[in-house]
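Enquirer: This one is model_11.txt, compact mmCIF, C-alpha atoms.
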# COMPACT_ATOMS: atom_id res chain seq x y z
CA MET I 1 83.56 108.13 53.98
CA LYS I 2 87.14 107.24 53.24
CA GLU I 3 88.39 110.31 55.06
CA LEU I 4 86.21 109.54 58.08
CA PHE I 5 87.86 106.15 58.27
CA GLN I 6 91.29 107.77 57.95
CA LEU I 7 90.40 110.18 60.77
CA TYR I 8 89.31 107.30 63.00
CA SER I 9 92.36 105.16 62.31
CA ALA I 10 94.85 108.05 62.57
CA PHE I 11 93.46 109.17 65.94
CA PHE I 12 93.22 105.55 67.09
CA ARG I 13 96.97 105.25 66.47
CA ILE I 14 97.60 108.57 68.23
CA GLY I 15 95.65 107.37 71.28
CA LEU I 16 97.36 104.00 71.20
CA PHE I 17 100.90 105.38 71.15
CA THR I 18 100.42 108.17 73.71
CA PHE I 19 101.75 107.50 77.20
CA GLY I 20 100.74 110.14 79.74
CA GLY I 21 98.97 113.37 78.95
CA GLY I 22 98.12 115.53 75.99
CA TYR I 23 101.63 116.90 75.55
CA ALA I 24 103.11 113.43 75.17
CA MET I 25 100.94 112.90 72.09
CA LEU I 26 102.55 115.80 70.24
CA PRO I 27 105.16 113.69 68.40
CA MET I 28 102.43 111.32 67.18
CA LEU I 29 100.19 114.24 66.19
CA GLN I 30 102.95 115.84 64.15
CA ARG I 31 103.57 112.57 62.38
CA GLU I 32 99.96 111.68 61.56
CA VAL I 33 98.16 115.02 61.28
CA VAL I 34 100.89 117.27 59.87
CA ASN I 35 103.32 115.05 57.96
CA LYS I 36 101.16 112.17 56.77
CA TYR I 37 97.67 113.55 56.07
CA HIS I 38 98.33 117.34 55.99
CA TRP I 39 95.12 117.99 57.93
CA ALA I 40 96.81 120.84 59.80
CA THR I 41 100.12 122.72 59.94
CA ASP I 42 102.47 122.87 62.91
CA GLU I 43 101.17 126.39 63.59
CA GLU I 44 97.56 125.18 63.65
CA LEU I 45 98.52 122.43 66.09
CA LEU I 46 99.89 125.08 68.43
CA ASP I 47 96.66 127.09 68.08
CA CYS I 48 94.79 123.89 68.97
CA TYR I 49 96.89 123.42 72.10
CA ALA I 50 96.33 127.07 73.05
CA ILE I 51 92.57 126.66 72.70
CA GLY I 52 92.67 123.29 74.44
CA GLN I 53 94.63 124.83 77.29
CA CYS I 54 91.90 127.28 78.27
CA THR I 55 88.76 125.37 77.31
CA PRO I 56 87.29 122.53 79.36
CA GLY I 57 88.16 118.97 78.54
CA ILE I 58 91.18 116.83 77.90
CA ILE I 59 93.61 118.31 75.38
CA ALA I 60 93.79 115.08 73.36
CA VAL I 61 90.02 115.24 72.85
CA ASN I 62 90.06 118.95 72.06
CA VAL I 63 92.69 118.46 69.36
CA ALA I 64 90.90 115.43 67.90
CA THR I 65 87.58 117.30 67.73
CA TYR I 66 89.24 120.39 66.24
CA VAL I 67 91.09 118.51 63.51
CA GLY I 68 88.18 116.17 62.75
CA TYR I 69 85.67 119.02 62.58
CA SER I 70 87.93 121.09 60.32
CA GLN I 71 88.10 118.18 57.83
CA GLN I 72 84.65 116.58 57.92
CA GLY I 73 82.31 118.73 60.02
CA VAL I 74 80.38 117.39 63.00
CA ALA I 75 80.76 113.75 61.93
CA GLY I 76 84.52 114.22 61.56
CA GLY I 77 84.83 115.78 65.01
CA ILE I 78 82.92 112.93 66.64
CA ILE I 79 84.70 110.17 64.70
CA ALA I 80 88.19 111.55 65.45
CA THR I 81 87.30 111.84 69.15
CA LEU I 82 85.98 108.27 69.22
CA GLY I 83 89.22 107.20 67.53
CA VAL I 84 91.42 108.79 70.18
CA VAL I 85 89.44 107.28 73.11
CA SER I 86 88.96 103.77 71.65
CA PRO I 87 92.41 102.37 72.58
CA SER I 88 91.97 103.56 76.19
CA LEU I 89 88.55 101.94 76.42
CA ILE I 90 89.86 98.61 75.18
CA ILE I 91 93.18 98.53 77.04
CA ILE I 92 91.97 99.87 80.40
CA THR I 93 88.99 97.54 80.40
CA LEU I 94 91.31 94.58 79.78
CA VAL I 95 93.76 95.75 82.47
CA ALA I 96 90.94 96.31 84.96
CA MET I 97 89.57 92.85 84.18
CA VAL I 98 92.78 91.02 85.05
CA LEU I 99 93.25 93.56 87.87
CA SER I 100 96.84 94.28 87.00
CA PRO I 101 98.93 92.63 89.70
CA PHE I 102 101.67 92.70 87.09
CA MET I 103 101.84 96.49 87.23
CA SER I 104 103.86 96.31 90.43
CA ASN I 105 106.17 93.76 88.80
CA LEU I 106 109.82 94.86 88.97
CA TYR I 107 110.50 94.34 85.26
CA VAL I 108 107.39 96.22 84.21
CA ALA I 109 108.41 99.08 86.48
CA ARG I 110 111.91 99.13 84.93
CA ALA I 111 110.53 99.11 81.40
CA PHE I 112 108.30 102.06 82.24
CA ALA I 113 111.22 103.98 83.74
CA GLY I 114 112.85 103.64 80.30
CA ILE I 115 109.64 104.61 78.49
CA ARG I 116 109.42 107.82 80.52
CA VAL I 117 112.95 108.75 79.43
CA ALA I 118 112.03 108.11 75.79
CA VAL I 119 108.86 110.21 76.11
CA CYS I 120 110.99 113.01 77.52
CA ALA I 121 113.38 112.89 74.53
CA LEU I 122 110.43 112.82 72.09
CA ILE I 123 108.82 115.89 73.68
CA ALA I 124 112.16 117.73 73.54
CA GLY I 125 112.42 116.87 69.85
CA SER I 126 108.91 118.21 69.20
CA VAL I 127 109.59 121.42 71.11
CA VAL I 128 112.67 122.12 68.99
CA LYS I 129 110.67 121.53 65.81
CA LEU I 130 107.83 123.81 66.97
CA ALA I 131 110.16 126.53 68.24
CA LYS I 132 111.77 126.81 64.81
CA LYS I 133 108.38 127.91 63.45
CA SER I 134 106.75 129.70 66.37
CA VAL I 135 109.65 131.60 67.91
CA THR I 136 110.63 133.93 65.10
CA ASP I 137 111.49 137.25 66.79
CA VAL I 138 112.62 138.75 70.09
CA THR I 139 109.04 139.05 71.36
CA GLY I 140 108.61 135.35 70.63
CA ILE I 141 111.76 134.41 72.55
CA ILE I 142 110.61 136.46 75.55
CA LEU I 143 107.10 134.95 75.51
CA CYS I 144 108.42 131.40 75.13
CA VAL I 145 111.00 131.70 77.92
CA ALA I 146 108.55 133.55 80.19
CA ALA I 147 105.89 130.85 79.73
CA PHE I 148 108.45 128.12 80.50
CA VAL I 149 109.78 129.84 83.63
CA LEU I 150 106.31 130.75 84.92
CA VAL I 151 105.06 127.18 84.68
CA ALA I 152 108.18 125.05 85.23
CA VAL I 153 109.90 127.13 87.92
CA LEU I 154 107.19 129.23 89.54
CA GLY I 155 104.38 126.68 89.25
CA ALA I 156 101.90 129.04 87.58
CA SER I 157 98.74 127.62 86.02
CA PRO I 158 99.03 127.10 82.24
CA ILE I 159 95.53 128.56 81.87
CA TRP I 160 96.58 131.98 83.15
CA VAL I 161 99.80 131.90 81.14
CA THR I 162 97.80 131.16 77.99
CA ILE I 163 95.30 133.93 78.67
CA GLY I 164 98.14 136.33 79.54
CA ALA I 165 99.97 135.57 76.30
CA ALA I 166 96.79 136.16 74.28
CA LEU I 167 96.35 139.54 75.99
CA CYS I 168 100.00 140.42 75.25
CA GLY I 169 99.34 139.61 71.61
CA LEU I 170 96.22 141.79 71.52
CA ILE I 171 98.03 144.73 73.14
CA LEU I 172 101.04 144.35 70.83
CA GLY I 173 98.67 144.15 67.87
CA ARG I 174 97.00 147.39 68.94
CA VAL I 175 100.30 149.19 69.50
CA ARG I 176 101.70 148.10 66.16
CA GLY I 177 98.43 148.86 64.42
CA VAL I 178 98.46 152.46 65.69
CA LYS I 179 101.86 153.19 64.14
CA MET J 1 70.99 101.61 86.46
CA THR J 2 71.08 104.56 88.83
CA ASP J 3 74.86 104.11 88.98
CA ILE J 4 75.05 104.54 85.21
CA LEU J 5 72.99 107.74 85.35
CA TRP J 6 75.18 109.10 88.16
CA LEU J 7 78.31 108.20 86.15
CA ILE J 8 76.99 110.17 83.19
CA PHE J 9 76.22 113.16 85.40
CA GLU J 10 79.50 113.12 87.33
CA PHE J 11 81.75 112.65 84.30
CA PHE J 12 79.90 115.17 82.17
CA LYS J 13 80.47 117.63 85.02
CA ALA J 14 84.19 116.75 85.20
CA GLY J 15 84.50 117.12 81.43
CA LEU J 16 82.79 120.50 81.55
CA PHE J 17 84.81 122.04 84.37
CA ALA J 18 88.25 120.38 84.30
CA VAL J 19 90.32 122.87 82.32
CA GLY J 20 93.81 121.85 81.20
CA GLY J 21 95.50 118.49 81.02
CA GLY J 22 94.40 115.01 82.06
CA LEU J 23 95.45 115.42 85.69
CA ALA J 24 92.97 118.30 85.93
CA THR J 25 90.24 115.65 86.26
CA LEU J 26 91.87 114.22 89.40
CA PRO J 27 90.30 116.63 91.94
CA TYR J 28 86.88 115.77 90.47
CA LEU J 29 87.56 112.06 90.91
CA THR J 30 88.61 112.58 94.53
CA ARG J 31 85.36 114.42 95.16
CA MET J 32 83.49 111.65 93.36
CA SER J 33 84.86 109.01 95.75
CA GLN J 34 83.63 111.11 98.67
CA ALA J 35 80.18 111.73 97.18
CA HIS J 36 79.73 108.05 96.25
CA PRO J 37 81.54 106.06 98.96
CA THR J 38 80.39 102.74 97.50
CA TRP J 39 82.14 103.42 94.17
CA PHE J 40 85.83 103.36 95.06
CA THR J 41 88.25 104.40 97.81
CA THR J 42 91.04 106.99 97.65
CA GLU J 43 93.65 104.19 97.72
CA MET J 44 92.02 102.57 94.72
CA LEU J 45 92.15 105.95 93.00
CA ALA J 46 95.93 106.15 93.50
CA ASN J 47 96.34 102.75 91.85
CA MET J 48 94.11 103.85 89.00
CA VAL J 49 96.30 106.92 88.41
CA ALA J 50 99.45 104.76 88.35
CA ILE J 51 97.93 102.31 85.89
CA SER J 52 96.44 105.07 83.73
CA GLU J 53 99.83 106.76 83.51
CA SER J 54 101.63 103.59 82.48
CA THR J 55 99.17 102.36 79.87
CA PRO J 56 98.69 103.92 76.43
CA GLY J 57 96.10 106.62 75.95
CA PRO J 58 95.45 110.08 77.38
CA LEU J 59 95.45 110.05 81.18
CA GLY J 60 91.98 111.56 81.67
CA ILE J 61 90.35 109.05 79.33
CA ASN J 62 92.08 106.11 80.99
CA MET J 63 90.92 107.31 84.39
CA ALA J 64 87.32 107.68 83.22
CA THR J 65 87.28 104.20 81.70
CA TYR J 66 88.85 102.72 84.82
CA VAL J 67 86.48 104.40 87.29
CA GLY J 68 83.45 103.67 85.12
CA TYR J 69 84.44 100.01 84.78
CA THR J 70 85.04 99.72 88.52
CA VAL J 71 81.60 101.15 89.26
CA ALA J 72 79.45 99.45 86.63
CA GLY J 73 81.45 97.06 84.44
CA ILE J 74 81.96 97.52 80.69
CA PRO J 75 78.85 99.71 80.15
CA GLY J 76 80.08 101.91 82.99
CA GLY J 77 83.51 102.35 81.38
CA VAL J 78 82.01 103.27 78.01
CA VAL J 79 79.41 105.64 79.47
CA ALA J 80 81.87 107.44 81.77
CA THR J 81 84.35 107.97 78.92
CA LEU J 82 81.75 109.28 76.49
CA ALA J 83 80.24 111.56 79.15
CA LEU J 84 83.70 112.98 79.91
CA VAL J 85 84.44 113.93 76.29
CA THR J 86 80.98 115.21 75.27
CA PRO J 87 81.28 118.78 76.68
CA ALA J 88 84.67 119.29 75.00
CA VAL J 89 83.40 118.02 71.63
CA ILE J 90 80.50 120.49 71.68
CA ILE J 91 82.54 123.45 72.92
CA ILE J 92 85.42 122.96 70.47
CA MET J 93 83.04 122.74 67.50
CA LEU J 94 81.43 126.05 68.52
CA ILE J 95 84.83 127.71 69.00
CA TYR J 96 86.03 126.43 65.64
CA ARG J 97 83.12 128.09 63.85
CA VAL J 98 83.65 131.42 65.62
CA LEU J 99 87.38 131.26 64.89
CA GLN J 100 86.89 130.60 61.19
CA GLN J 101 84.77 133.76 61.04
CA TYR J 102 87.39 135.96 62.70
CA LYS J 103 90.48 134.19 61.39
CA THR J 104 91.66 137.15 59.34
CA ASN J 105 90.82 139.76 61.97
CA PRO J 106 94.18 141.47 62.72
CA LEU J 107 93.61 141.34 66.48
CA VAL J 108 92.95 137.60 66.37
CA VAL J 109 96.03 137.13 64.20
CA SER J 110 98.27 139.02 66.62
CA GLY J 111 96.68 137.20 69.57
CA PHE J 112 97.62 133.83 68.10
CA GLY J 113 100.99 135.24 67.06
CA ALA J 114 101.78 135.68 70.75
CA LEU J 115 100.10 132.45 71.83
CA ARG J 116 102.26 130.20 69.63
CA PRO J 117 105.64 130.95 71.26
CA ALA J 118 104.01 130.92 74.71
CA VAL J 119 102.44 127.50 74.10
CA THR J 120 105.82 126.25 72.87
CA GLY J 121 107.18 127.34 76.25
CA LEU J 122 104.31 125.55 78.02
CA ILE J 123 105.06 122.34 76.16
CA ALA J 124 108.73 122.68 77.09
CA ALA J 125 107.62 123.04 80.72
CA ALA J 126 105.54 119.85 80.43
CA GLY J 127 108.60 118.13 78.96
CA TYR J 128 110.66 119.39 81.88
CA SER J 129 108.23 117.87 84.40
CA VAL J 130 108.59 114.51 82.63
CA PHE J 131 112.36 115.05 82.67
CA ARG J 132 112.31 115.64 86.43
CA MET J 133 110.40 112.40 86.93
CA ALA J 134 112.45 110.32 84.49
CA VAL J 135 115.99 111.64 84.83
CA LEU J 136 116.32 113.36 88.21
CA THR J 137 116.38 111.13 91.28
CA GLY J 138 115.15 113.69 93.77
CA ASP J 139 118.22 113.04 95.93
CA PRO J 140 119.80 116.46 96.38
CA GLY J 141 123.00 115.13 98.02
CA SER J 142 125.26 116.15 95.18
CA LEU J 143 125.18 116.57 91.43
CA PHE J 144 126.19 112.93 91.05
CA THR J 145 123.31 111.54 93.06
CA LEU J 146 120.74 114.10 91.88
CA ILE J 147 120.89 112.99 88.27
CA SER J 148 120.45 109.46 87.02
CA TRP J 149 123.36 109.60 84.58
CA LYS J 150 122.30 106.47 82.72
CA ALA J 151 118.84 107.96 82.15
CA LEU J 152 120.37 111.28 81.08
CA ALA J 153 122.62 109.51 78.57
CA LEU J 154 119.66 107.60 77.11
CA CYS J 155 117.60 110.77 76.94
CA ALA J 156 120.42 112.69 75.20
CA ALA J 157 121.00 109.86 72.72
CA LEU J 158 117.30 109.58 71.82
CA PHE J 159 116.99 113.37 71.57
CA ALA J 160 119.98 113.41 69.19
CA LEU J 161 118.15 110.86 67.02
CA THR J 162 115.16 113.23 66.78
CA GLN J 163 117.49 115.90 65.39
CA ILE J 164 119.52 113.90 62.85
CA LYS J 165 118.05 114.06 59.36
CA LYS J 166 118.27 110.34 58.72
CA THR J 167 116.56 109.23 61.91
CA LYS J 168 114.21 112.09 62.79
CA ASN J 169 111.25 110.63 60.92
CA LEU J 170 111.44 107.28 62.69
CA HIS J 171 108.17 106.28 64.30
CA PRO J 172 107.80 107.56 67.91
CA VAL J 173 106.88 104.03 68.96
CA LEU J 174 110.42 102.92 68.07
CA PHE J 175 111.76 105.44 70.59
CA ILE J 176 109.33 104.14 73.21
CA ALA J 177 110.38 100.55 72.49
CA VAL J 178 114.07 101.44 72.78
CA GLY J 179 113.32 103.12 76.11
CA ALA J 180 111.50 100.04 77.41
CA VAL J 181 114.26 97.65 76.32
CA VAL J 182 117.07 99.79 77.75
CA GLY J 183 115.07 100.20 80.97
CA LEU J 184 114.76 96.41 81.26
CA LEU J 185 118.44 95.74 80.57
CA VAL J 186 119.93 98.58 82.59
CA GLU J 187 118.26 99.74 85.78
CA LEU J 188 117.83 103.46 85.15
For the file at hand, write its structure as structure tokens.

Expert:
Amino acid sequence: MKELFQLYSAFFRIGLFTFGGGYAMLPMLQREVVNKYHWATDEELLDCYAIGQCTPGIIAVNVATYVGYSQQGVAGGIIATLGVVSPSLIIITLVAMVLSPFMSNLYVARAFAGIRVAVCALIAGSVVKLAKKSVTDVTGIILCVAAFVLVAVLGASPIWVTIGAALCGLILGRVRGVK
Amino acid sequence: MTDILWLIFEFFKAGLFAVGGGLATLPYLTRMSQAHPTWFTTEMLANMVAISESTPGPLGINMATYVGYTVAGIPGGVVATLALVTPAVIIIMLIYRVLQQYKTNPLVVSGFGALRPAVTGLIAAAGYSVFRMAVLTGDPGSLFTLISWKALALCAALFALTQIKKTKNLHPVLFIAVGAVVGLLVEL
């Protein structure tokens, strides 16, 4: 019961402090899920993102379900997911109610320009932290750089890159296993 | 009442087929506005995207709440959001159980071994797209006009804070707050 409450409140905070998409929530996930409650390791978070990348649904929800289910079964998965969507439900409903003329306000726009820069720095910080653990050999460097270039420069779909990387891993596993 | 049932159907469908990030639900919403012309217009959709991006919470969830609320008030917002997440919750639980069974299988291990660096690259790419939006001006005249130097300086300073031992465990919200305050004081 206590852990269910912790799951709800941790994912509520993650939802509340995420601006943008699933990747922007990575710094908050690392803080709550890895550092604070030890529900998952950095490596498991990456596995979650990989699964979330090629399964239907929003990545934030996929990660919440995955972590919640791993800790407390079906109830945990549902509670963590409800936690991550609750702030959106409350805030968006309020914004929609007052119909947000203030969103086009100059000062609000300037503040959000600054927030985007901060989000960018936070993601960069998370990438460095993850790379230290996930990119451990030459193959890893090649895969990481290739994935970045394919998506950022060539505009490839992350789904195909994820599936391609998994296939590379399977083939490499086979080749190394034969030796 | 029929609107609520349609919301459940449409958002369950979007949740089932939209693979990837929050913006992956956008094409489904565009189609929704065409299939249900009384719900919302394409212009309204653009405003909803802008507001969803600049309020807390994952983009896809914000969009679902917003559209649902627009169509059928508070029950609509709740129903659309829950319908959107239901397919993912079921699918991920099934995948988790299969994965736990094959976790030690050497092929699965080497598959994930390759996925981790690749996903790190994907996240870097997502960071780069935020960077392009936040720091580059889109004016290709010269290097001086292409980059918003004030934004780049702020980004570099905040990134440095994430790397220094003393400050790297500061709450991410503090970084967001600093960004907002600097944005207000200095036009980035």

Enquirer: Starting from chain I, keep only residues with some atom at most 6 Å from an atom of chain J, counting all atoms listed in the file, and report them as number ranges by chain.

Expert: I: 15-21, 46, 53, 55-59, 65, 88-89, 110-111, 114-118, 120-121, 123, 125, 134-135, 140, 143-144, 147-148, 152, 165-166, 169-170, 173

Enquirer: What does the structure give for the distance between atom CA of I:Ser126 and atom CA of I:Leu26, in Å to one decimal?

Expert: 6.9 Å

Enquirer: Report the distance between atom CA of I:Gly68 and atom CA of I:Leu7 in Å, rounded to one decimal place.

Expert: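 Between atom CA of I:Gly68 and atom CA of I:Leu7 the gap works out to 6.7 Å.
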
Enquirer: For a test of reading the model, state the distance in Å between atom CA of I:Thr136 and atom CA of I:Gln71, rounded to one decimal.

Expert: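 Rounded to one decimal, the two atoms are 28.4 Å apart.
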